[in-house]
Amino acid sequence: MKDLDFIKIENVKKYFPIGNDLFVKALDGIDLEINKGETVGLVGESGSGKSTLAYTLMGMYEPTDGKISFKNENIGLKAQKRDLSIKKEMQIVFQDPSGSLNPRRVISNILSRPLLLHKIVPKNELKAKLIELLDSVELPQEYLYKYTPSIGGGEKQLIAIARAIAAHPEFLILDEPTSSLDVSVQGKIINTLMKLKKELNLTYLFITHDMSLMRNVADRIAIMYLGKIMELATTREFFENPLHPYTKMLLSSIPVVSAEEEKLLPKEIKSSGEIPSPVNLPEGCRFITRCPYAKEICETKEPELTEREPGHWSRCYY
Amino acid sequence: LAYAKVVKRDKSVVFSAVWPPQLDPAVGQGFGSAICYANIYDSIIFPQSDGTTTNHLAENIIVSADGLVYDITLKKGVKFHNGDELQAEDVVFSMNRIKTIGEGFGYLFIPTVKAISSDGPYQVKIELNKAFGPFLATLVNLYILNEDQVMAHINPDGLYGEFGDYGKEWLITNDAGSGPYMVTEMRIQEHLIAERFVDYWAGFDANNPDKFIFIGTAEPVTIRVMMGKRELEISDQWQSEESFGALDKIKGVDLVKFLSGSTLGIQLNTKRAPTDDVHVRRALAYIMDYEGIIKGVYPGASRLVSPVSLLMPGSDPTIVGYDTNLAKAEAELKLSKYYGKFDEYPVDICWAAEWVTADKMALLFQASAAKIGVKVNIAKQPWAKMISDVSNMETTAHANILTIGPHYGEAGTFISRYLSSSCGTWEQTEWLQDPEIDQMIYDALGTVDDKERYKKYSIIEHKILDICPTIFLVDVLEKHAYQAEYLEWGVAKSKAIPVQGYNIYMRDMKIFPERAKK
Amino acid sequence: MKSNKFTFWKENVGRSWYKFSRNKLSVIGLTLFILLILAAILAPLITPYPKHAGNFVDLITGSQAPDARHLMGTDIYGRDMFSRIIFALRPALLMGIMVLAIVVPIGTILGLIAGYYKGKFGDHIIMRLTDVFLGLPPLILALAVSSILKPTLTNSMIAVSVAFWPWYSRLVYNMVISIKNEHYVISSELLGESRVHILFREILPNCLSPIFTKMTLDFGWVIIMTASLSFVGLGEQPPDPSLGTMVAEGARLLPDKWWVAIYPAFTIVLLVLSLNLIGDGVRDMFTATEE
Amino acid sequence: MGDNYLLKVEDLTVDYKVYGGYLKVLDGVNFYVKHNERVGIIGETGCGKTTTMKSILRLQANNAIFRKGKITVGDQDILKMNDKNFHAFRKKGLAMIFQEPMIALNPVFTIGQQIEDVIYHASDTKLSKAELKQKAREVIASVSLPDADRILSNYPFQLSGGMRQRICIALAISMAQKLLIADEPTTALDVTIQAQILELIDQISKQKKMSLILITHSLGLTRNTTDRMYVMYAGSMIESCSTKQLYENPLHPYTIGLLKSIPRLTGGEFSNGIPGRLPDYMNPQPGCRFQNRCTKVMDICRRQKPSEIEVEPEHYVACFLFDQKGDKQ
Amino acid sequence: MRTIKFLLKRLALSLIVLFGLSVMIFILGRVVPGDPARMSLGANAPQETVDRMRQQMHLDEPLVVQYGYWFSGIIQGDFGKSLYTKRPVIVDLTEFFPATLELVIFSGLLMGLGGLILGIISTKFNNTWVDNIIRIVSYLGVVTPSFVFAIIFLLIFGYLWPIFPTMGRLSQYLSFPPNHTGLLLIDSLIAGEWETFWNGFSHIILPAIALALGGMSQEARITRSSMLDNMSKDYILSHRAYGIPEKKIFYKYLLKPSLIPTVTVFGLDFAVLFGNAFLVEMVFNWPGLSRYGINVMLQKDLNAISAVIILLGAIFVLMNIVTDLVVSFLDPRIQLAD
Ligand SMILES: Nc1ncnc2c1ncn2[C@@H]1O[C@H](COP(=O)(O)OP(=O)(O)OP(=O)(O)O)[C@@H](O)[C@H]1O
Ligand SMILES: Nc1ncnc2c1ncn2[C@@H]1O[C@H](COP(=O)(O)OP(=O)(O)OP(=O)(O)O)[C@@H](O)[C@H]1O
Ligand SMILES: [Mg+2]
Ligand SMILES: [Mg+2]
């Protein structure tokens, strides 16, 4: 643990109104600290609020409640209200590379925007810098004059990464950066990211639902379920000693390719049941609809996130 | 193309004219309205084709020597459509009504008539403010309404005090007349149907139409088709020359042409450069291709040389106007102060965009003027815009093509157009404003003796020709296509009557549907 | 670098052309349109009586049926129809271009702003205004405007423009609403880009395809609309040739002097048809699928 | 080959006509499925998996051009059947679960309407409204979805991706059939739901005793569900063997690379993936289509297309590394 | 419930739009040059009469005050008097609107049905000569103004083959049935007058077709292109794969989603018919609102102009709402809330 207060998220809530006084409780009280230089993995099912958390950090949404600070500065605001200097420090790579690159702009245009906007390089050195950027994600310079629809998905994602690091941010959110890609290109992207992290001393919030991938990239892992963190631990702890039943269910569902891996999977729990809607959450524990161990108390009172072992937190009575 | 033959069903006459006809004689004055008045109402006197008038409702009229008092004795036994007898009170009522309302032909009587009173059921006395020579001619446009019937239908919530709305609302779709035809159905924008009034005092010829139907369309193709199908007996007069040509070709359809009493001319703004210079005006008059207009635009029409239509009593047939003469035009132009500077002083010519035929004249004007180096700009306008433009001297175009119709059947109607009081309306866009001419006109109009008055008119005409505020083009020929095969129409044989509306007079027509059956 | 850029453009143009040309009708339309434009440009050279397009009247030779001297006959003023029709292509094309040049930027910018600030005050103002203008029948609106202004070519352009812009702001509005939630727009926002950049560089390029398609279709509509205006006497001033006026006047001469209406009407149809065909092609060009 | 083959695809070659020429996507696909066998086909996106399956169901895109090949189902050459016969035949024999649950259901009809129609046309006897409804409920229940009535009255957009995908499966299996083709049935879904769906497919195919083709580009998924696997690369099958063999002893350099690039739960470095990308389908180089990405590329690979070689029993691979004859040439 | 809420919200918005429209029309009407009083009364009318009329129309007062008078009149359903017909505008509207409405409804039916059928046939025979013919014909339909059709029809059915009457709503030898709805066809049915009904019906056919052709072609094109678009959608593939017969796929599963754009365009086109009707009404001597609208426009009859435009605007707005409702019915994904 280095600088304690790099990013601090305290009790952050984000409710989306959907009319008739109903709300989607996308984030329902998140507490999380991210330290400089580490990679925090965020796992969870679709709709659990991972992206919402990322977007709230980035300032796409204003939190309904709670505090977010970056180096002790409050950033619980929309991006428009944040300082340009803070915007420079935080960047995001989206899940779908096609959607995150403007299909009607040439790559050189896309990449030069952050450089010019944050005055990273003078105009006359722009081209050299662009080539350097492409180089850092191992793409040839011909790509400068291409439109994104004409290149492959993996390459698009590399361009998106290049854009994200162009302004030398300190903190990078990776929202499922490889989930729409083939495994054959995933490796390259992940390796590039890890290389960049080392070179530029970046801090990552890495969102994915691929547990095997998480195992290879994250320092610490947080599991989210319907807007709440269910378990938080170091990667090792997490795989070797999962505490929460949801974690176990998740782990047991991982498709693996070898017998050794299979041995690591918890056997006793099988995936079943439906996820409740985030509009009508069950009283008590939100995992109750799928939990094989549910007891009476789980139906009435929601458990707290408690530190069960040093650095290992879980939200479960057992 | 073959036309369909459709059997004529009954003895009705269908004709088309521009919509809408107003049934209320105190409101309307347009061509369509005038036709209705002539057929549905009776007036005290009736116009003749030679320009004179005969007594109609009047048994006898005595004019005082100073021309200020008119004593009228009415015929007895004239019945309104509802059976009431027409009496002096009705005449008084009708005159007072039109004067109060002030619309339609009201302008004819408001300045002249001082008082009207009845003396017994058949005696009417009219007193004038000052002598007015053509007064009798204007009485043609006083249509007599049934006082009791109108008063029974007034809407008390109106502008006219005890008279409420003076029955205006009711008269939109009903008549209160005594004329030969009575309204049976009025569907606005669609048709007006009127049937013979069997008790009409002057009687009918057996072959007079049983009813007439007025439809409001002037779409050429529509008219063509209807004529071809014998759904229409008489066309409107606004068809283009080409249209009439085509209508004439339909078997059984003939054209009838007669002088309508309207005059067509190009009015020049005498207060704006360059047409403020009399030499420029004369030059333009000399360069105009009169023959071209008559041949190309109004075939068969005659040349208008002075302000007054030759049809009008009081016109002077001896007057010689401007001819087409390049040499004279150039000579005049040399005298003008704008000579050689016409590029800086272009002449704008304006006409109502709705009036297609005028395009030809404007183009001819433009082409002719170009021959002597006068630059003409074309600026046609929608009628509404044109009206507002001519209300101000500065915005009135240099040249405006306009048709001027008579307000009554006498030359004075055309002469009095040049009074200063007409400026600002489309009746006079010349902005003459000449006190001397004004004086001469007032003098002439106040002369009761016809011969003397006509002489004075002639002098004024010469004077106007000299200062050339207007380029007189055509004595307008009114044309209608009609089903000559089975419709006999008096106007086709004899001269027309110089008062609007009276040429489509049903009692002047005989219809023989059986002749159409072939 | 240069050659990169060049091959990149070549490739783009080639692909667009492939998609466009898959539909033979579109190619026919384009050919037709180019021919008409050429005819308009070369009018003085290819017409037998260029004078007849201007201040010329010869009532004596009016209304002649088509023959060897006058391929399409003469009008009632004795002017060669063929020459006038070719010359009339000029104002017609100019009209289309000018109206679109007025309408598209205005409509687009308003649509962009309203869409981007959806739910804000500006959105309501702009879109309600748009609705107001949409609520008026375009012809009536154009009529009203032309009756205020003098009937000239320029003013009928303005009149038609007044009736047309809201269609573009609506179109763009609906697109912007969905595009502004795309991640590439959000990325720019997060980066701190200015509104102007986001609106015009990020969002606008992605709205172009339907705008272009609509433009080609509307080009024809503009011409028809002016023709309708001429039908009620509002349009270009004589003696300038105008297709709409020719049809309107000629229609009154049907069927006997058919050539006065039919040839210009046919020309309008040809012009608009070619543009519609091109419009279809343009739409194909912008669609993603290669099927 | 014996009668045991349910489906046999031989030398299937299909192009797509596009700007600039033809995409030679399928380059002689050969494979077979036996009765009651579960076959997995894996391959990177764009390698032609869906194209192959659509050809089998004769649901090709308009610009697809069939060049050559033969597809037999049972003893019928389906490419030779006329439309009507094939239609009836397909109804009885083949069913497919499509790749994207979001767009495989008609958005403007309720689930009930769609299911009932399928049942109506699949059954030989005319069913009454009530019977249809009952059957539809059963179908929903068969994929273990609760609250059938509500689901039947819902529109697709009102259901979650997992539910929609289950309904697609339900639709596919509601027809009596011999072969179920599941084209990436879980791409858009979460791991836990994915596991549930695969379990379901597995269970049903076993229960109904039908053959299954499971298509995916994730090697992890096929491991528990299939008996035999094909690896497809750029329009042809490059390796085929039992599932076990594939994971334990992959032979083709592509397969090896693929397996290596999968992150393992056991941790440790994983490879940089397979550099490069699929060849240009429009102008494929002669020879092996993997040549540009292959670390062990040889001269012959650039000249000649490798043919399938049986390296160990029932383990075929199309690579010159294993072709002694080819080596000598 | 949701629908009602949506309707209320939309109606409220529509009122705002109509209010804006009224302001605009008012201003537009007053700035158009020309003195309506003078125009209506003629060049010779005495100044006092003109002044009286101007006073009566409040033309001498400031614009805002004029608007106040006018607007409060409208609120009470009093649109003032028409200078063209000299009677209250509201009377004109109630008389002329049904005529146009009848024409437009009939024409709208033709437009919708005809367009749909042509579009379907064209899709069905995609890329055959049938398709090409329909496409070219519908191009011609789209690009030819309706008055040209009107004239052509009139010529054909007036000269060549006179099977249809060409003038007005009813032959002159028949009289109108008692007025209940103003719609001739319906009124004559109510009155049980078959001959009148049949006669009215034969009168409406030509103008209705002339008016409908443009929109019909448009609908045909839209239907065709959206059906072709949807044809390659995955769900059509899956319907095929699940063994639904082609016919059913075509007429049920393909048609319904493809109708959405057609309906949207139909809604707009239908509203536009009211405005476009005038030239057709002129040619066929149809006593309708559009013709009235143009006539009053040319005569600068302010009250009538405003009333007509407000009415047309209201129709447009209403059609938009109806369209949205129908579309939301066709496409369950569309939420009415917005
Ligand atoms: N703008 C929004 N308005 C309303 N609801 C929203 C909005 N954005 C997200 N949600 C809802 O919030 C919940 C969380 O969504 P979020 O996108 O954060 O999930 P996620 O964990 O990122 O899922 P995925 O893995 O699918 O990306 C979902 O139920 C989603 O429907
Ligand atoms: N209709 C088409 N026209 C042109 N190209 C096509 C068409 N359909 C597919 N392709 C191309 O053919 C190739 C193979 O496509 P196919 O859908 O069969 O791949 P796939 O293996 O199913 O991929 P995925 O895993 O992404 O589904 C791809 O490059 C694709 O772009
Ligand atoms: Mg997400
Ligand atoms: Mg696929």
# chains A, B, ... in the order shown; residues from 1 in each chain; ligands from 1
$ residues_near_ligand --ligand "ligand 4" --cutoff "7 Å" --atoms "only C-alpha atoms and all ligand atoms" --output "ChimeraX atom specification"
/D:45-46,49-50,99,183
$ residues_near_ligand --ligand "ligand 2" --cutoff "8 Å" --atoms "only C-alpha atoms and all ligand atoms" --output "ChimeraX atom specification"
/C:289-291 /D:16-18,23,25-26,43-52,60-64,99,183-184,216-217,234-235,281
$ residues_near_ligand --ligand "ligand 3" --cutoff "10 Å" --atoms "only C-alpha atoms and all ligand atoms" --output "PDB file with C-alpha atoms, in the first residue's frame"
ATOM      1  CA  GLY A  44     -19.616  -9.226 -11.906  1.00  0.00           C
ATOM      2  CA  GLU A  45     -22.497 -10.305 -13.969  1.00  0.00           C
ATOM      3  CA  SER A  46     -24.032  -8.215 -16.695  1.00  0.00           C
ATOM      4  CA  GLY A  47     -26.096  -5.450 -15.176  1.00  0.00           C
ATOM      5  CA  SER A  48     -24.338  -5.553 -11.841  1.00  0.00           C
ATOM      6  CA  GLY A  49     -23.210  -1.951 -12.216  1.00  0.00           C
ATOM      7  CA  LYS A  50     -19.593  -2.319 -13.202  1.00  0.00           C
ATOM      8  CA  SER A  51     -19.832   0.103 -16.082  1.00  0.00           C
ATOM      9  CA  THR A  52     -21.935   2.477 -14.041  1.00  0.00           C
ATOM     10  CA  LEU A  53     -19.183   2.615 -11.443  1.00  0.00           C
ATOM     11  CA  ALA A  54     -16.614   3.248 -14.134  1.00  0.00           C
ATOM     12  CA  TYR A  55     -18.713   5.939 -15.747  1.00  0.00           C
ATOM     13  CA  PHE A  94     -14.563   0.924 -23.496  1.00  0.00           C
ATOM     14  CA  GLN A  95     -15.697  -2.602 -24.083  1.00  0.00           C
ATOM     15  CA  ASP A  96     -16.809  -2.218 -27.670  1.00  0.00           C
ATOM     16  CA  ASP A 175     -14.155  -1.612 -19.130  1.00  0.00           C
ATOM     17  CA  GLU A 176     -14.069  -5.140 -20.488  1.00  0.00           C
ATOM     18  CA  ILE A 207     -13.426  -4.610 -15.445  1.00  0.00           C
ATOM     19  CA  THR A 208     -14.161  -8.011 -16.890  1.00  0.00           C
ATOM     20  CA  HIS A 209     -16.227 -11.068 -16.312  1.00  0.00           C
TER      21      HIS A 209
END
$ closest_residue --among "E:Phe266, E:Phe26, E:Tyr251, E:Phe164" --to "chain C" --atoms "only C-alpha atoms"
E:Phe26
$ select_by_dssp --residues "stretch 122-205 of chain A" --states "strand (DSSP E or B)" --output "list in words"
Tyr147, Phe171, Leu172, Ile173, Leu174, Asp175, Thr203, Tyr204 and Leu205 of chain A
$ residues_around --residues "stretch 201-208 of chain B" --least-positions-apart "6" --cutoff "6 Å" --atoms "only C-alpha atoms" --output "list in words"
Val78, Arg507, Met509, Lys510 and Ile511 of chain B
$ closest_atom_pairs --of "chain D" --to "ligand 1" --cutoff "12 Å" --atoms "only C-alpha atoms and all ligand atoms" --output "JSON lines"
{"residue": "D:Ser160", "atom": "CA", "partner": "ligand 1", "partner_atom_place_in_ligand_line": "31 (O)", "distance": 10.3}
{"residue": "D:Gly161", "atom": "CA", "partner": "ligand 1", "partner_atom_place_in_ligand_line": "26 (O)", "distance": 10.0}
{"residue": "D:Gly162", "atom": "CA", "partner": "ligand 1", "partner_atom_place_in_ligand_line": "26 (O)", "distance": 11.8}
{"residue": "D:Ala188", "atom": "CA", "partner": "ligand 1", "partner_atom_place_in_ligand_line": "26 (O)", "distance": 8.9}
{"residue": "D:Leu189", "atom": "CA", "partner": "ligand 1", "partner_atom_place_in_ligand_line": "26 (O)", "distance": 8.6}
{"residue": "D:Asp190", "atom": "CA", "partner": "ligand 1", "partner_atom_place_in_ligand_line": "25 (O)", "distance": 7.7}
{"residue": "D:Val191", "atom": "CA", "partner": "ligand 1", "partner_atom_place_in_ligand_line": "25 (O)", "distance": 10.5}
$ write_last_selection --atoms "all heavy atoms" --output "compact mmCIF listing (two decimals), in the first residue's frame"
# COMPACT_ATOMS: atom_id res chain seq x y z
N SER D 160 -34.68 -10.80 -20.51
CA SER D 160 -33.24 -10.65 -20.46
C SER D 160 -32.60 -11.50 -21.55
O SER D 160 -33.23 -12.39 -22.12
CB SER D 160 -32.72 -11.10 -19.10
OG SER D 160 -32.82 -12.50 -19.03
N GLY D 161 -31.34 -11.21 -21.83
CA GLY D 161 -30.64 -11.95 -22.87
C GLY D 161 -30.65 -13.44 -22.63
O GLY D 161 -30.86 -14.24 -23.55
N GLY D 162 -30.47 -13.82 -21.37
CA GLY D 162 -30.45 -15.25 -21.05
C GLY D 162 -31.79 -15.89 -21.35
O GLY D 162 -31.87 -16.98 -21.93
N ALA D 188 -23.21 -13.68 -25.98
CA ALA D 188 -23.60 -12.42 -25.35
C ALA D 188 -23.92 -12.59 -23.87
O ALA D 188 -24.41 -11.67 -23.25
CB ALA D 188 -24.80 -11.83 -26.07
N LEU D 189 -23.68 -13.75 -23.33
CA LEU D 189 -24.18 -14.01 -21.97
C LEU D 189 -23.08 -14.08 -20.92
O LEU D 189 -21.91 -14.26 -21.21
CB LEU D 189 -24.95 -15.33 -21.97
CG LEU D 189 -26.10 -15.40 -22.97
CD1 LEU D 189 -26.72 -16.77 -22.94
CD2 LEU D 189 -27.13 -14.34 -22.68
N ASP D 190 -23.50 -13.95 -19.69
CA ASP D 190 -22.59 -14.05 -18.56
C ASP D 190 -22.14 -15.47 -18.31
O ASP D 190 -22.84 -16.41 -18.66
CB ASP D 190 -23.33 -13.62 -17.29
CG ASP D 190 -23.52 -12.17 -17.27
OD1 ASP D 190 -22.55 -11.47 -17.55
OD2 ASP D 190 -24.66 -11.74 -17.01
N VAL D 191 -21.01 -15.59 -17.64
CA VAL D 191 -20.49 -16.93 -17.39
C VAL D 191 -21.48 -17.82 -16.67
O VAL D 191 -21.66 -18.98 -17.03
CB VAL D 191 -19.17 -16.93 -16.58
CG1 VAL D 191 -18.01 -16.95 -17.51
CG2 VAL D 191 -19.12 -15.78 -15.61
$ interface_residues --of "chain A" --to "chain D" --cutoff "10 Å" --atoms "only C-alpha atoms" --output "PyMOL selection string"
chain A and resi 44-47+152+154+179-192+209-217+236+239+246+249-265+270-275+277
$ closest_residue --among "C:Gly73, C:Gly250, C:Pro48, C:Gly235" --to "chain E" --atoms "only C-alpha atoms"
C:Gly250
$ residues_around --residues "stretch 189-196 of chain E" --least-positions-apart "2" --cutoff "9 Å" --atoms "only C-alpha atoms" --output "list in words"
Leu170, Ser171, Leu174, Ser175, Phe176, Pro177, Pro178, His180, Leu184, Leu185, Ile186, Asp187, Trp198, Asn199, Gly200 and Phe201 of chain E
$ write_last_selection --atoms "N, CA and C atoms" --output "PDB file, in the first residue's frame"
ATOM      1  N   LEU E 170     -71.591  16.333 -56.444  1.00  0.00           N
ATOM      2  CA  LEU E 170     -72.843  15.654 -56.721  1.00  0.00           C
ATOM      3  C   LEU E 170     -73.382  16.222 -58.031  1.00  0.00           C
ATOM      4  N   SER E 171     -74.031  15.396 -58.817  1.00  0.00           N
ATOM      5  CA  SER E 171     -74.629  15.913 -60.044  1.00  0.00           C
ATOM      6  C   SER E 171     -75.719  16.911 -59.689  1.00  0.00           C
ATOM      7  N   LEU E 174     -79.344  16.111 -58.607  1.00  0.00           N
ATOM      8  CA  LEU E 174     -79.612  15.533 -57.289  1.00  0.00           C
ATOM      9  C   LEU E 174     -79.439  16.612 -56.231  1.00  0.00           C
ATOM     10  N   SER E 175     -80.158  16.428 -55.140  1.00  0.00           N
ATOM     11  CA  SER E 175     -79.932  17.411 -54.089  1.00  0.00           C
ATOM     12  C   SER E 175     -79.270  16.732 -52.895  1.00  0.00           C
ATOM     13  N   PHE E 176     -78.647  17.559 -52.077  1.00  0.00           N
ATOM     14  CA  PHE E 176     -77.885  17.023 -50.954  1.00  0.00           C
ATOM     15  C   PHE E 176     -78.801  16.417 -49.906  1.00  0.00           C
ATOM     16  N   PRO E 177     -78.370  15.325 -49.325  1.00  0.00           N
ATOM     17  CA  PRO E 177     -79.168  14.727 -48.245  1.00  0.00           C
ATOM     18  C   PRO E 177     -79.116  15.638 -47.026  1.00  0.00           C
ATOM     19  N   PRO E 178     -80.021  15.419 -46.082  1.00  0.00           N
ATOM     20  CA  PRO E 178     -79.998  16.232 -44.858  1.00  0.00           C
ATOM     21  C   PRO E 178     -78.620  16.156 -44.209  1.00  0.00           C
ATOM     22  N   HIS E 180     -75.963  15.750 -41.655  1.00  0.00           N
ATOM     23  CA  HIS E 180     -75.645  15.276 -40.302  1.00  0.00           C
ATOM     24  C   HIS E 180     -74.171  15.459 -40.020  1.00  0.00           C
ATOM     25  N   LEU E 184     -70.820  13.772 -47.424  1.00  0.00           N
ATOM     26  CA  LEU E 184     -71.919  13.450 -48.330  1.00  0.00           C
ATOM     27  C   LEU E 184     -72.210  11.952 -48.343  1.00  0.00           C
ATOM     28  N   LEU E 185     -71.164  11.178 -48.443  1.00  0.00           N
ATOM     29  CA  LEU E 185     -71.384   9.735 -48.575  1.00  0.00           C
ATOM     30  C   LEU E 185     -72.091   9.191 -47.346  1.00  0.00           C
ATOM     31  N   ILE E 186     -71.640   9.636 -46.206  1.00  0.00           N
ATOM     32  CA  ILE E 186     -72.232   9.133 -44.971  1.00  0.00           C
ATOM     33  C   ILE E 186     -73.650   9.643 -44.801  1.00  0.00           C
ATOM     34  N   ASP E 187     -73.827  10.939 -45.062  1.00  0.00           N
ATOM     35  CA  ASP E 187     -75.161  11.507 -44.936  1.00  0.00           C
ATOM     36  C   ASP E 187     -76.151  10.794 -45.847  1.00  0.00           C
ATOM     37  N   TRP E 198     -74.317   6.744 -54.563  1.00  0.00           N
ATOM     38  CA  TRP E 198     -73.574   6.235 -55.704  1.00  0.00           C
ATOM     39  C   TRP E 198     -73.037   7.386 -56.547  1.00  0.00           C
ATOM     40  N   ASN E 199     -73.881   8.393 -56.720  1.00  0.00           N
ATOM     41  CA  ASN E 199     -73.460   9.549 -57.488  1.00  0.00           C
ATOM     42  C   ASN E 199     -72.286  10.263 -56.804  1.00  0.00           C
ATOM     43  N   GLY E 200     -72.413  10.456 -55.509  1.00  0.00           N
ATOM     44  CA  GLY E 200     -71.337  11.109 -54.768  1.00  0.00           C
ATOM     45  C   GLY E 200     -70.061  10.300 -54.842  1.00  0.00           C
ATOM     46  N   PHE E 201     -70.230   9.000 -54.754  1.00  0.00           N
ATOM     47  CA  PHE E 201     -69.086   8.102 -54.804  1.00  0.00           C
ATOM     48  C   PHE E 201     -68.365   8.239 -56.139  1.00  0.00           C
TER      49      PHE E 201
END
$ interface_residues --of "chain C" --to "chain E" --cutoff "9 Å" --atoms "only C-alpha atoms" --output "PyMOL selection string"
chain C and resi 128-129+131-140+143-145+147-149+220-221+224-225+227-228+231+247+251+254-255+265+268-270+272-273+276-277
$ closest_atom_pairs --of "chain C" --to "chain A" --cutoff "7 Å" --atoms "only C-alpha atoms" --output "CSV"
residue,atom,partner,partner_atom,distance
C:Asn4,CA,A:Tyr145,CA,6.6
C:Lys5,CA,A:Tyr145,CA,5.9
C:Phe8,CA,A:Lys146,CA,6.9
C:Glu182,CA,A:Gly99,CA,6.2
C:His183,CA,A:Ser100,CA,4.5
C:Tyr184,CA,A:Ser100,CA,4.2
C:Leu190,CA,A:Ala79,CA,6.0
C:Leu191,CA,A:Lys87,CA,6.1
C:Gly192,CA,A:Leu84,CA,6.5
C:Glu202,CA,A:Asn102,CA,6.8
C:Pro205,CA,A:Arg104,CA,6.1
C:Asn206,CA,A:Arg104,CA,6.5
$ interface_residues --of "chain E" --to "chain D" --cutoff "9 Å" --atoms "only C-alpha atoms" --output "count of residues only"
22
$ residues_around --residues "C:Leu243" --least-positions-apart "2" --cutoff "9 Å" --atoms "only C-alpha atoms" --output "list in words"
Arg84, Ile85, Ala88, Leu89, Pro91, Ala92, Ile223, Thr226, Ala227, Pro241, Thr245, Met246, Val247, Ala248, Pro264, Ala265, Thr267 and Ile268 of chain C
